[in-house]
$ cat start.cif   # mmCIF, C-alpha atoms
data_entry
#
loop_
_atom_site.label_atom_id
_atom_site.label_comp_id
_atom_site.auth_asym_id
_atom_site.auth_seq_id
_atom_site.Cartn_x
_atom_site.Cartn_y
_atom_site.Cartn_z
CA MET J 122 36.22 32.79 -220.88
CA GLU J 123 35.38 36.49 -220.87
CA LYS J 124 31.66 36.39 -221.36
CA GLU J 125 29.22 36.11 -218.52
CA ILE J 126 27.54 32.71 -218.49
CA SER J 127 23.94 32.64 -217.33
CA GLN J 128 23.12 30.93 -214.02
CA ALA J 129 20.58 28.81 -215.94
CA VAL J 130 23.44 27.23 -217.89
CA ILE J 131 25.52 26.84 -214.73
CA ARG J 132 22.60 25.14 -212.99
CA ARG J 133 22.65 22.48 -215.70
CA MET J 134 26.39 21.79 -215.55
CA PRO J 135 26.36 19.59 -212.41
CA ARG J 136 23.83 17.39 -214.17
CA TYR J 137 26.17 16.94 -217.13
CA TYR J 138 28.94 16.18 -214.68
CA ARG J 139 26.80 13.56 -212.95
CA TYR J 140 25.79 11.82 -216.18
CA LEU J 141 29.34 11.84 -217.54
CA GLY J 142 30.56 10.40 -214.24
CA GLU J 143 28.04 7.56 -214.59
CA LEU J 144 29.15 6.93 -218.18
CA LEU J 145 32.76 6.78 -216.98
CA ASP J 146 31.79 4.31 -214.26
CA ASP J 147 30.11 2.22 -216.97
CA GLY J 148 33.32 2.24 -219.03
CA VAL J 149 31.90 4.38 -221.85
CA GLU J 150 34.74 6.23 -223.61
CA ARG J 151 32.89 8.37 -226.09
CA ILE J 152 29.31 9.43 -226.73
CA SER J 153 27.50 11.30 -229.49
CA SER J 154 25.46 14.34 -228.57
CA ASN J 155 22.38 12.40 -229.71
CA GLU J 156 23.05 9.52 -227.32
CA LEU J 157 23.81 11.92 -224.48
CA SER J 158 20.62 13.78 -225.39
CA THR J 159 18.50 10.61 -225.13
CA ARG J 160 20.01 9.64 -221.80
CA MET J 161 19.65 13.09 -220.28
CA ARG J 162 16.29 13.87 -221.88
CA VAL J 163 17.59 17.20 -223.14
CA THR J 164 17.72 18.12 -226.82
CA ALA J 165 21.04 17.60 -228.58
CA SER J 166 20.98 21.24 -229.61
CA GLN J 167 20.59 22.28 -225.96
CA ILE J 168 23.65 20.20 -225.09
CA ARG J 169 25.69 21.73 -227.90
CA GLN J 170 24.60 25.24 -226.92
CA ASP J 171 25.36 24.68 -223.24
CA LEU J 172 28.81 23.27 -223.89
CA ASN J 173 29.60 25.95 -226.46
CA ASN J 174 29.48 28.46 -223.62
CA PHE J 175 32.72 26.94 -222.46
CA GLY J 176 34.27 26.47 -225.88
CA GLY J 177 32.60 23.34 -227.21
CA PHE J 178 34.56 20.09 -226.56
CA GLY J 179 32.76 18.06 -229.23
CA GLN J 180 34.25 16.84 -232.49
CA GLN J 181 32.17 16.47 -235.65
CA GLY J 182 31.63 12.79 -236.39
CA TYR J 183 33.27 11.64 -233.17
CA GLY J 184 31.04 13.03 -230.47
CA TYR J 185 32.34 13.71 -227.02
CA ASN J 186 35.28 12.08 -225.30
CA VAL J 187 33.63 11.22 -221.97
CA LYS J 188 36.71 11.41 -219.75
CA TYR J 189 37.90 14.66 -221.31
CA LEU J 190 34.47 16.29 -221.08
CA TYR J 191 34.03 15.07 -217.49
CA ASP J 192 37.38 16.55 -216.49
CA GLU J 193 36.77 19.83 -218.29
CA ILE J 194 33.33 20.33 -216.73
CA GLY J 195 34.89 19.33 -213.43
CA LYS J 196 37.43 22.14 -213.82
CA ILE J 197 34.71 24.62 -214.74
CA LEU J 198 32.83 23.63 -211.58
CA GLY J 199 35.99 23.80 -209.46
CA MET J 200 35.95 20.04 -208.81
CA ASN J 201 39.73 19.99 -209.19
CA GLN J 202 40.09 22.10 -206.05
CA ARG J 203 39.63 21.22 -202.44
CA HIS J 204 36.95 23.18 -200.59
CA ASN J 205 36.92 23.12 -196.81
CA ILE J 206 33.46 23.43 -195.32
CA ILE J 207 32.15 24.19 -191.87
CA ILE J 208 28.55 23.49 -190.94
CA VAL J 209 26.94 26.02 -188.63
CA GLY J 210 23.96 24.38 -186.95
CA ALA J 211 24.44 20.76 -185.91
CA GLY J 212 20.78 19.76 -185.77
CA ASN J 213 19.37 17.00 -187.96
CA LEU J 214 20.01 18.80 -191.20
CA GLY J 215 23.56 19.80 -190.25
CA GLN J 216 24.26 16.23 -189.18
CA ALA J 217 22.75 14.90 -192.40
CA LEU J 218 25.14 17.06 -194.41
CA ALA J 219 28.10 16.02 -192.24
CA ASN J 220 27.21 12.39 -192.87
CA TYR J 221 27.14 12.76 -196.61
CA VAL J 222 30.40 11.04 -197.62
CA LYS J 223 29.94 11.64 -201.33
CA PHE J 224 30.70 15.34 -200.94
CA GLU J 225 34.31 14.42 -200.20
CA LYS J 226 34.66 12.58 -203.48
CA TRP J 227 34.20 15.96 -205.17
CA GLY J 228 36.66 17.75 -202.90
CA PHE J 229 34.13 19.22 -200.46
CA VAL J 230 35.62 18.34 -197.09
CA ILE J 231 33.68 19.07 -193.93
CA ILE J 232 36.21 20.11 -191.32
CA GLY J 233 34.00 21.54 -188.60
CA LEU J 234 30.51 21.35 -187.14
CA PHE J 235 29.26 24.07 -184.81
CA ASP J 236 26.23 24.68 -182.63
CA VAL J 237 25.07 26.75 -179.67
CA ASN J 238 23.35 23.80 -178.01
CA SER J 239 25.64 22.53 -175.24
CA ALA J 240 23.79 19.19 -175.24
CA LEU J 241 25.55 18.49 -178.56
CA LYS J 242 29.00 19.37 -177.23
CA GLY J 243 31.52 16.61 -177.84
CA ILE J 244 29.19 14.52 -179.99
CA SER J 245 30.88 13.37 -183.19
CA VAL J 246 29.35 12.89 -186.62
CA ARG J 247 31.47 10.71 -188.88
CA GLY J 248 34.49 11.64 -186.80
CA ILE J 249 33.72 15.36 -186.91
CA GLU J 250 33.29 16.68 -183.40
CA VAL J 251 30.53 19.20 -182.68
CA ARG J 252 32.14 22.37 -181.33
CA MET J 253 30.47 25.28 -179.61
CA MET J 254 29.94 28.55 -181.47
CA ASP J 255 32.31 30.43 -179.15
CA GLU J 256 35.16 28.32 -180.53
CA LEU J 257 34.40 29.28 -184.13
CA GLU J 258 36.41 32.50 -184.33
CA GLU J 259 39.56 30.75 -183.12
CA PHE J 260 38.85 27.83 -185.48
CA LEU J 261 38.69 30.19 -188.46
CA LYS J 262 42.08 31.66 -187.53
CA LYS J 263 43.69 28.24 -187.50
CA ASN J 264 41.93 26.63 -190.48
CA GLN J 265 41.23 27.63 -194.04
CA VAL J 266 37.48 27.56 -194.50
CA ASP J 267 36.10 28.08 -197.99
CA ILE J 268 32.41 27.52 -197.45
CA ALA J 269 30.09 27.89 -194.45
CA ALA J 270 26.89 25.86 -194.62
CA LEU J 271 24.13 27.49 -192.58
CA THR J 272 21.71 24.97 -191.16
CA LEU J 273 20.26 27.08 -188.39
CA PRO J 274 16.93 28.77 -187.72
CA LYS J 275 15.85 31.59 -190.02
CA GLU J 276 15.80 34.04 -187.11
CA LYS J 277 19.53 33.73 -186.47
CA ALA J 278 20.77 33.19 -190.01
CA ASP J 279 21.32 36.81 -191.09
CA GLU J 280 23.24 37.76 -187.96
CA VAL J 281 25.44 34.66 -188.03
CA ALA J 282 26.06 35.00 -191.77
CA ASN J 283 27.21 38.59 -191.41
CA TRP J 284 29.42 37.68 -188.47
CA LEU J 285 31.02 34.88 -190.52
CA VAL J 286 31.60 37.26 -193.43
CA ASN J 287 33.32 39.70 -191.07
CA LEU J 288 35.56 36.85 -190.00
CA GLY J 289 36.57 36.26 -193.61
CA ILE J 290 34.06 33.72 -194.99
CA ARG J 291 33.46 34.34 -198.70
CA ALA J 292 30.94 31.65 -199.62
CA ILE J 293 27.75 30.56 -197.92
CA TRP J 294 25.57 27.53 -198.56
CA ASN J 295 22.34 28.74 -197.03
CA PHE J 296 19.59 26.37 -195.86
CA ALA J 297 17.77 28.97 -193.76
CA HIS J 298 14.50 30.02 -195.33
CA LEU J 299 15.34 33.63 -196.13
CA ASP J 300 17.47 35.64 -198.53
CA LEU J 301 20.60 36.72 -196.66
CA GLU J 302 21.58 40.37 -196.79
CA LEU J 303 25.32 40.21 -197.40
CA PRO J 304 28.04 42.25 -199.11
CA GLU J 305 28.26 41.74 -202.86
CA HIS J 306 31.59 39.92 -202.83
CA VAL J 307 30.07 37.02 -200.89
CA VAL J 308 28.88 34.07 -202.95
CA VAL J 309 25.62 32.58 -201.71
CA GLU J 310 23.84 29.43 -202.83
CA ASN J 311 20.42 28.84 -201.34
CA VAL J 312 18.67 25.55 -200.69
CA HIS J 313 15.13 26.62 -199.83
CA LEU J 314 13.31 23.39 -199.06
CA SER J 315 9.94 25.08 -198.64
CA ASP J 316 10.24 26.75 -202.04
CA SER J 317 10.93 23.37 -203.55
CA LEU J 318 7.92 21.85 -201.82
CA MET J 319 5.70 24.69 -203.07
CA GLN J 320 6.89 24.15 -206.61
CA LEU J 321 6.01 20.48 -206.26
CA SER J 322 2.61 21.45 -204.93
CA TYR J 323 2.05 23.79 -207.89
CA ASN J 324 2.80 20.97 -210.30
CA ILE J 325 0.43 18.62 -208.44
CA VAL J 326 -2.40 21.15 -208.70
CA ARG J 327 -1.67 21.79 -212.38
CA THR J 328 -1.63 18.07 -213.17
CA GLU J 329 -4.94 17.56 -211.37
CA LYS J 330 -6.48 20.43 -213.33
CA SER J 331 -5.33 19.12 -216.69
CA LYS J 332 -6.70 15.69 -215.75
CA ASP J 333 -10.10 17.22 -214.95
CA LYS J 334 -10.20 18.73 -218.42
CA LYS J 335 -9.73 15.41 -220.18
CA MET Q 98 -5.32 29.92 -217.17
CA GLU Q 99 -4.89 28.00 -220.38
CA LYS Q 100 -1.37 28.86 -221.29
CA GLU Q 101 1.61 26.86 -220.09
CA ILE Q 102 3.61 28.81 -217.55
CA SER Q 103 7.36 28.27 -217.60
CA GLN Q 104 9.00 26.47 -214.69
CA ALA Q 105 11.33 29.46 -214.36
CA VAL Q 106 8.33 31.63 -213.43
CA ILE Q 107 6.99 28.94 -211.11
CA ARG Q 108 10.35 28.70 -209.39
CA ARG Q 109 10.07 32.38 -208.51
CA MET Q 110 6.53 32.19 -207.08
CA PRO Q 111 7.43 30.71 -203.68
CA ARG Q 112 9.80 33.61 -203.19
CA TYR Q 113 6.98 36.09 -203.83
CA TYR Q 114 4.84 34.12 -201.42
CA ARG Q 115 7.56 34.27 -198.78
CA TYR Q 116 8.10 38.04 -199.12
CA LEU Q 117 4.38 38.76 -199.10
CA GLY Q 118 4.01 36.60 -196.00
CA GLU Q 119 6.70 38.67 -194.29
CA LEU Q 120 4.98 41.91 -195.32
CA LEU Q 121 1.72 40.58 -193.88
CA ASP Q 122 3.47 39.68 -190.63
CA ASP Q 123 4.82 43.25 -190.55
CA GLY Q 124 1.29 44.62 -190.98
CA VAL Q 125 1.87 46.04 -194.47
CA GLU Q 126 -1.44 46.23 -196.35
CA ARG Q 127 -0.38 47.41 -199.76
CA ILE Q 128 2.84 47.79 -201.68
CA SER Q 129 3.87 49.33 -205.00
CA SER Q 130 5.69 47.18 -207.50
CA ASN Q 131 8.68 49.49 -207.05
CA GLU Q 132 8.82 48.94 -203.30
CA LEU Q 133 8.39 45.20 -203.75
CA SER Q 134 11.10 45.33 -206.40
CA THR Q 135 13.56 47.02 -204.03
CA ARG Q 136 12.87 44.53 -201.24
CA MET Q 137 13.12 41.49 -203.45
CA ARG Q 138 16.01 42.79 -205.58
CA VAL Q 139 14.12 41.96 -208.75
CA THR Q 140 13.16 44.58 -211.36
CA ALA Q 141 9.63 45.97 -211.13
CA SER Q 142 9.07 44.91 -214.74
CA GLN Q 143 10.06 41.33 -213.86
CA ILE Q 144 7.48 41.37 -211.06
CA ARG Q 145 4.76 42.70 -213.35
CA GLN Q 146 5.65 40.15 -216.04
CA ASP Q 147 5.69 37.26 -213.59
CA LEU Q 148 2.35 38.16 -212.04
CA ASN Q 149 0.77 38.84 -215.43
CA ASN Q 150 1.16 35.14 -216.16
CA PHE Q 151 -1.60 34.60 -213.64
CA GLY Q 152 -3.73 37.55 -214.65
CA GLY Q 153 -2.03 40.50 -213.01
CA PHE Q 154 -3.42 41.45 -209.55
CA GLY Q 155 -1.96 44.96 -209.56
CA GLN Q 156 -3.92 48.19 -209.87
CA GLN Q 157 -2.47 51.26 -211.53
CA GLY Q 158 -1.69 53.92 -208.91
CA TYR Q 159 -2.51 51.62 -206.00
CA GLY Q 160 0.04 48.85 -206.26
CA TYR Q 161 -0.64 45.44 -204.83
CA ASN Q 162 -2.97 44.51 -202.01
CA VAL Q 163 -0.62 42.35 -199.95
CA LYS Q 164 -3.18 40.02 -198.40
CA TYR Q 165 -5.01 39.51 -201.68
CA LEU Q 166 -1.82 38.85 -203.62
CA TYR Q 167 -0.55 36.52 -200.89
CA ASP Q 168 -3.77 34.51 -200.98
CA GLU Q 169 -3.90 34.38 -204.76
CA ILE Q 170 -0.31 33.19 -205.09
CA GLY Q 171 -1.05 30.75 -202.30
CA LYS Q 172 -3.92 29.34 -204.35
CA ILE Q 173 -1.71 29.11 -207.45
CA LEU Q 174 0.84 27.17 -205.41
CA GLY Q 175 -1.82 24.95 -203.89
CA MET Q 176 -1.25 26.36 -200.39
CA ASN Q 177 -5.02 26.30 -199.79
CA GLN Q 178 -4.98 22.50 -199.93
CA ARG Q 179 -3.72 19.98 -197.47
CA HIS Q 180 -0.96 17.69 -198.73
CA ASN Q 181 -0.19 14.53 -196.81
CA ILE Q 182 3.44 13.50 -196.99
CA ILE Q 183 5.30 10.34 -196.17
CA ILE Q 184 9.07 10.31 -195.82
CA VAL Q 185 10.81 7.22 -197.11
CA GLY Q 186 14.22 6.97 -195.48
CA ALA Q 187 14.37 7.96 -191.81
CA GLY Q 188 18.08 8.77 -191.61
CA ASN Q 189 19.33 12.21 -190.65
CA LEU Q 190 17.86 13.92 -193.67
CA GLY Q 191 14.48 12.21 -193.35
CA GLN Q 192 14.39 13.10 -189.66
CA ALA Q 193 15.40 16.69 -190.44
CA LEU Q 194 12.43 16.99 -192.80
CA ALA Q 195 10.09 15.38 -190.26
CA ASN Q 196 11.23 17.92 -187.68
CA TYR Q 197 10.52 20.89 -189.88
CA VAL Q 198 7.34 22.28 -188.29
CA LYS Q 199 7.01 25.15 -190.76
CA PHE Q 200 5.90 22.79 -193.50
CA GLU Q 201 2.65 22.25 -191.65
CA LYS Q 202 1.88 25.94 -191.67
CA TRP Q 203 1.61 25.64 -195.46
CA GLY Q 204 -0.52 22.51 -195.36
CA PHE Q 205 2.24 19.96 -195.87
CA VAL Q 206 1.55 17.43 -193.15
CA ILE Q 207 3.98 14.59 -192.57
CA ILE Q 208 1.92 11.57 -191.66
CA GLY Q 209 4.44 8.76 -191.95
CA LEU Q 210 8.14 8.01 -191.73
CA PHE Q 211 9.52 4.74 -193.11
CA ASP Q 212 12.83 2.94 -193.13
CA VAL Q 213 14.31 -0.52 -193.62
CA ASN Q 214 16.64 -0.18 -190.64
CA SER Q 215 15.10 -2.11 -187.75
CA ALA Q 216 17.28 -0.15 -185.29
CA LEU Q 217 14.99 2.82 -186.01
CA LYS Q 218 11.79 0.86 -185.41
CA GLY Q 219 9.52 2.55 -182.88
CA ILE Q 220 11.60 5.72 -182.66
CA SER Q 221 9.45 8.83 -182.95
CA VAL Q 222 10.33 12.14 -184.56
CA ARG Q 223 8.05 14.98 -183.45
CA GLY Q 224 5.43 12.40 -182.60
CA ILE Q 225 5.74 10.61 -185.93
CA GLU Q 226 6.70 6.99 -185.38
CA VAL Q 227 9.24 5.37 -187.68
CA ARG Q 228 7.59 2.39 -189.38
CA MET Q 229 9.24 -0.42 -191.30
CA MET Q 230 9.01 -0.52 -195.08
CA ASP Q 231 6.95 -3.71 -195.04
CA GLU Q 232 4.14 -1.75 -193.39
CA LEU Q 233 4.08 0.86 -196.16
CA GLU Q 234 1.73 -0.87 -198.58
CA GLU Q 235 -0.90 -1.31 -195.88
CA PHE Q 236 -0.36 2.28 -194.74
CA LEU Q 237 -1.06 3.57 -198.25
CA LYS Q 238 -4.32 1.65 -198.36
CA LYS Q 239 -5.51 3.25 -195.14
CA ASN Q 240 -4.23 6.79 -195.63
CA GLN Q 241 -4.36 9.34 -198.39
CA VAL Q 242 -0.78 10.19 -199.28
CA ASP Q 243 -0.18 13.02 -201.74
CA ILE Q 244 3.60 13.25 -201.71
CA ALA Q 245 6.39 10.79 -200.99
CA ALA Q 246 9.70 12.35 -199.98
CA LEU Q 247 12.61 10.07 -200.88
CA THR Q 248 15.53 10.48 -198.53
CA LEU Q 249 17.26 7.19 -199.20
CA PRO Q 250 20.45 6.09 -200.95
CA LYS Q 251 20.73 6.68 -204.68
CA GLU Q 252 21.09 2.93 -205.30
CA LYS Q 253 17.60 2.16 -203.98
CA ALA Q 254 15.76 5.28 -205.07
CA ASP Q 255 14.61 4.23 -208.55
CA GLU Q 256 13.25 0.88 -207.40
CA VAL Q 257 11.44 2.32 -204.40
CA ALA Q 258 10.05 5.24 -206.43
CA ASN Q 259 8.59 2.90 -209.06
CA TRP Q 260 7.14 0.67 -206.38
CA LEU Q 261 5.48 3.69 -204.74
CA VAL Q 262 4.08 4.83 -208.08
CA ASN Q 263 2.61 1.36 -208.63
CA LEU Q 264 0.94 1.72 -205.25
CA GLY Q 265 -0.66 4.97 -206.36
CA ILE Q 266 1.77 7.74 -205.41
CA ARG Q 267 1.56 10.61 -207.88
CA ALA Q 268 4.14 13.09 -206.57
CA ILE Q 269 7.69 12.57 -205.43
CA TRP Q 270 10.02 14.92 -203.63
CA ASN Q 271 13.34 13.38 -204.51
CA PHE Q 272 16.51 13.93 -202.47
CA ALA Q 273 18.42 10.99 -203.96
CA HIS Q 274 21.17 12.13 -206.28
CA LEU Q 275 19.81 10.81 -209.56
CA ASP Q 276 17.04 11.53 -212.04
CA LEU Q 277 14.23 9.06 -211.41
CA GLU Q 278 12.84 7.13 -214.35
CA LEU Q 279 9.10 7.32 -213.79
CA PRO Q 280 5.89 7.39 -215.84
CA GLU Q 281 5.00 10.80 -217.23
CA HIS Q 282 1.97 11.36 -215.02
CA VAL Q 283 4.15 11.41 -211.92
CA VAL Q 284 5.23 14.84 -210.68
CA VAL Q 285 8.82 14.94 -209.45
CA GLU Q 286 10.67 17.72 -207.69
CA ASN Q 287 14.37 17.16 -207.12
CA VAL Q 288 16.56 18.53 -204.37
CA HIS Q 289 20.05 17.64 -205.53
CA LEU Q 290 22.33 18.88 -202.77
CA SER Q 291 25.52 18.00 -204.65
CA ASP Q 292 24.37 19.97 -207.70
CA SER Q 293 23.78 22.95 -205.46
CA LEU Q 294 27.22 22.61 -203.90
CA MET Q 295 28.82 22.42 -207.36
CA GLN Q 296 27.02 25.56 -208.44
CA LEU Q 297 28.36 27.29 -205.35
CA SER Q 298 31.83 26.03 -206.17
CA TYR Q 299 31.54 27.37 -209.73
CA ASN Q 300 30.65 30.79 -208.41
CA ILE Q 301 33.56 30.71 -205.95
CA VAL Q 302 36.00 29.91 -208.77
CA ARG Q 303 34.49 32.60 -211.00
CA THR Q 304 34.73 35.22 -208.25
CA GLU Q 305 38.36 34.32 -207.56
CA LYS Q 306 39.17 34.64 -211.26
CA SER Q 307 37.54 38.04 -211.62
CA LYS Q 308 39.47 39.19 -208.52
CA ASP Q 309 42.76 38.05 -210.05
CA LYS Q 310 42.03 40.18 -213.10
CA LYS Q 311 41.66 43.37 -211.10
#
$ encode --input "start.cif" --output "structure tokens"
Amino acid sequence: MEKEISQAVIRRMPRYYRYLGELLDDGVERISSNELSTRMRVTASQIRQDLNNFGGFGQQGYGYNVKYLYDEIGKILGMNQRHNIIIVGAGNLGQALANYVKFEKWGFVIIGLFDVNSALKGISVRGIEVRMMDELEEFLKKNQVDIAALTLPKEKADEVANWLVNLGIRAIWNFAHLDLELPEHVVVENVHLSDSLMQLSYNIVRTEKSKDKK
Amino acid sequence: MEKEISQAVIRRMPRYYRYLGELLDDGVERISSNELSTRMRVTASQIRQDLNNFGGFGQQGYGYNVKYLYDEIGKILGMNQRHNIIIVGAGNLGQALANYVKFEKWGFVIIGLFDVNSALKGISVRGIEVRMMDELEEFLKKNQVDIAALTLPKEKADEVANWLVNLGIRAIWNFAHLDLELPEHVVVENVHLSDSLMQLSYNIVRTEKSKDKK
């Protein structure tokens, strides 16, 4: 796997993983690229191209072995590893993430929840106690943390992110509405809710315009 | 604006809008594509290409007028319109969205919050009262609703989405972890948190591998 795979392809992989997981749950053992294509509303050639990035997996005349493909994509996505997560910012969004049990099914285990607001001290979300930020440094010494989710205000995000990176954090799941300025070795994945809402708005406007034309 | 603009370009527009908004806040009146390129960590040619999709906006030797470009991109994204939103599912995530004041700045106004859980009845989030789902149909008759945000369990999402579409909803901001099966005229924007986490995980694994090689 020497060649660089585009982020566009990577963005589609979780969707394959999700559909294959559903097929598995439904007891489907194998599927042709055409059937998968119909279900996923992606062309069969797109599917073949995407999967060829990782060496194929399909067999002429047989299609895909669902369990095998699910496991292989899972490995590509690191689903065969455990990832410990801390959530920094225990407001509604942080609590929503902490409550999301499904993450654990895929090996993403939330082991800590931190905030500066002393009113939240001692509150537990799904058994995870909210700790104060001044306990975080000690916590990181005692626990392996693979991912820090940042669910805090934009104004504080850059400072906190850089502090976390200095303490050894290598991956950040950023919900704050800015692009973090971090060293290159840090992996960042952004969830910008406003951007998503604006894209929705664009598509609403476009649809209205095309309706007016008809 | 006859030609179809790719969703990849559209996905980048909110980021332009965000950076231009910050420049405006900083009192910057004009900017060259090179300066904008450095700030945004995108090539200047990418910026020119992206903006050319909408007819350009730049002037040779002058660069971009920040306010003008901000307003124009805002219009493209529909930021000059008001969008009324209801949130269906008033759990942590729904409440987190309802609490997000910034949305209003861009014309996204949350006017209703609905749930089936009677324990939430009468609770208010930022002045928005949680109503029960059986009040929703009546609410839609009395209020113009442009967007329904779905923050409810995957198992119920498809049914509720189709019901909303039958009641006249034309745009859905979907947080449930599945692809909704809806008529073609409905605009859907997905926020799949698990997909995002898997993409992060992929990049962690990839980074670890490239480190091992060195």
$ resolve_selection --input "start.cif" --expression "the PyMOL selection byres ((chain Q and resi 302) around 12)" --output "list in words"
Gly195, Lys196, Ile197, Leu198, Gly199, Met200, Asn201, Gln202, Arg203, His204, Asp267, Arg291, Ala292 and Val308 of chain J; Met295, Gln296, Leu297, Ser298, Tyr299, Asn300, Ile301, Arg303, Thr304, Glu305, Lys306, Ser307, Lys308 and Asp309 of chain Q
$ resolve_selection --input "start.cif" --expression "the PyMOL selection byres ((chain Q and resi 113-116) around 12)" --output "PyMOL selection string"
(chain J and resi 298-300+313+315-316+319-320) or (chain Q and resi 106-112+117-123+125+128+130+132-139+143-145+147-148+163-176+203)
$ closest_residue --input "start.cif" --among "Q:Asn131, Q:Asn240, Q:Asn214, Q:Ser103" --to "Asn150 in chain Q" --atoms "only C-alpha atoms"
Q:Ser103
$ resolve_selection --input "start.cif" --expression "the PyMOL selection byres ((chain J and resi 279) around 10)" --output "PyMOL selection string"
chain J and resi 271+274-278+280-285+297+299-303
$ atom_distance --input "start.cif" --atom1 "CA of Ile208 in chain J" --atom2 "CA of Ile231 in chain J"
7.4 Å
$ residues_around --input "start.cif" --residues "Ile183 in chain Q" --least-positions-apart "2" --cutoff "6 Å" --atoms "only C-alpha atoms" --output "PyMOL selection string"
chain Q and resi 207-210+245
$ residues_around --input "start.cif" --residues "Leu194 in chain Q" --least-positions-apart "6" --cutoff "12 Å" --atoms "only C-alpha atoms" --output "ChimeraX atom specification"
/J:212-215,217,314-315,318 /Q:182-188,200-201,205-210,222-223,225,245-248,270,272
$ write_last_selection --input "start.cif" --atoms "C-alpha atoms" --output "PDB file, in the frame of the given file"
ATOM      1  CA  GLY J 212      20.780  19.760-185.770  1.00  0.00           C
ATOM      2  CA  ASN J 213      19.370  17.000-187.960  1.00  0.00           C
ATOM      3  CA  LEU J 214      20.010  18.800-191.200  1.00  0.00           C
ATOM      4  CA  GLY J 215      23.560  19.800-190.250  1.00  0.00           C
ATOM      5  CA  ALA J 217      22.750  14.900-192.400  1.00  0.00           C
ATOM      6  CA  LEU J 314      13.310  23.390-199.060  1.00  0.00           C
ATOM      7  CA  SER J 315       9.940  25.080-198.640  1.00  0.00           C
ATOM      8  CA  LEU J 318       7.920  21.850-201.820  1.00  0.00           C
TER       9      LEU J 318
ATOM     10  CA  ILE Q 182       3.440  13.500-196.990  1.00  0.00           C
ATOM     11  CA  ILE Q 183       5.300  10.340-196.170  1.00  0.00           C
ATOM     12  CA  ILE Q 184       9.070  10.310-195.820  1.00  0.00           C
ATOM     13  CA  VAL Q 185      10.810   7.220-197.110  1.00  0.00           C
ATOM     14  CA  GLY Q 186      14.220   6.970-195.480  1.00  0.00           C
ATOM     15  CA  ALA Q 187      14.370   7.960-191.810  1.00  0.00           C
ATOM     16  CA  GLY Q 188      18.080   8.770-191.610  1.00  0.00           C
ATOM     17  CA  PHE Q 200       5.900  22.790-193.500  1.00  0.00           C
ATOM     18  CA  GLU Q 201       2.650  22.250-191.650  1.00  0.00           C
ATOM     19  CA  PHE Q 205       2.240  19.960-195.870  1.00  0.00           C
ATOM     20  CA  VAL Q 206       1.550  17.430-193.150  1.00  0.00           C
ATOM     21  CA  ILE Q 207       3.980  14.590-192.570  1.00  0.00           C
ATOM     22  CA  ILE Q 208       1.920  11.570-191.660  1.00  0.00           C
ATOM     23  CA  GLY Q 209       4.440   8.760-191.950  1.00  0.00           C
ATOM     24  CA  LEU Q 210       8.140   8.010-191.730  1.00  0.00           C
ATOM     25  CA  VAL Q 222      10.330  12.140-184.560  1.00  0.00           C
ATOM     26  CA  ARG Q 223       8.050  14.980-183.450  1.00  0.00           C
ATOM     27  CA  ILE Q 225       5.740  10.610-185.930  1.00  0.00           C
ATOM     28  CA  ALA Q 245       6.390  10.790-200.990  1.00  0.00           C
ATOM     29  CA  ALA Q 246       9.700  12.350-199.980  1.00  0.00           C
ATOM     30  CA  LEU Q 247      12.610  10.070-200.880  1.00  0.00           C
ATOM     31  CA  THR Q 248      15.530  10.480-198.530  1.00  0.00           C
ATOM     32  CA  TRP Q 270      10.020  14.920-203.630  1.00  0.00           C
ATOM     33  CA  PHE Q 272      16.510  13.930-202.470  1.00  0.00           C
TER      34      PHE Q 272
END
$ atom_distance --input "start.cif" --atom1 "CA of Ile220 in chain Q" --atom2 "CA of Gln192 in chain Q"
10.5 Å
$ atom_distance --input "start.cif" --atom1 "CA of Ala105 in chain Q" --atom2 "CA of Gly204 in chain Q"
23.4 Å
$ closest_residue --input "start.cif" --among "J:Val251, J:Leu288, J:Ala165, J:Ala219" --to "chain Q" --atoms "all atoms listed in the file"
J:Ala219
$ closest_residue --input "start.cif" --among "J:Asn287, J:Asn205, J:Ser166, J:Gln265" --to "chain Q" --atoms "only C-alpha atoms"
J:Asn205
$ decode --input "start.cif" --residues "range 271-284 of chain Q" --atoms "C-alpha atoms" --output "mmCIF file, in the first residue's frame"
data_model
loop_
_atom_site.group_PDB
_atom_site.id
_atom_site.type_symbol
_atom_site.label_atom_id
_atom_site.label_comp_id
_atom_site.auth_asym_id
_atom_site.auth_seq_id
_atom_site.Cartn_x
_atom_site.Cartn_y
_atom_site.Cartn_z
ATOM 1 C CA ASN Q 271 -29.703 14.452 8.771
ATOM 2 C CA PHE Q 272 -27.658 13.373 11.794
ATOM 3 C CA ALA Q 273 -28.995 9.810 11.890
ATOM 4 C CA HIS Q 274 -26.400 7.313 10.766
ATOM 5 C CA LEU Q 275 -28.033 6.104 7.571
ATOM 6 C CA ASP Q 276 -28.773 7.325 4.064
ATOM 7 C CA LEU Q 277 -32.403 8.414 3.945
ATOM 8 C CA GLU Q 278 -34.587 7.081 1.154
ATOM 9 C CA LEU Q 279 -36.484 10.164 0.026
ATOM 10 C CA PRO Q 280 -38.031 11.580 -3.149
ATOM 11 C CA GLU Q 281 -35.569 13.300 -5.455
ATOM 12 C CA HIS Q 282 -36.877 16.818 -4.900
ATOM 13 C CA VAL Q 283 -35.853 16.702 -1.249
ATOM 14 C CA VAL Q 284 -32.473 18.224 -0.405
#
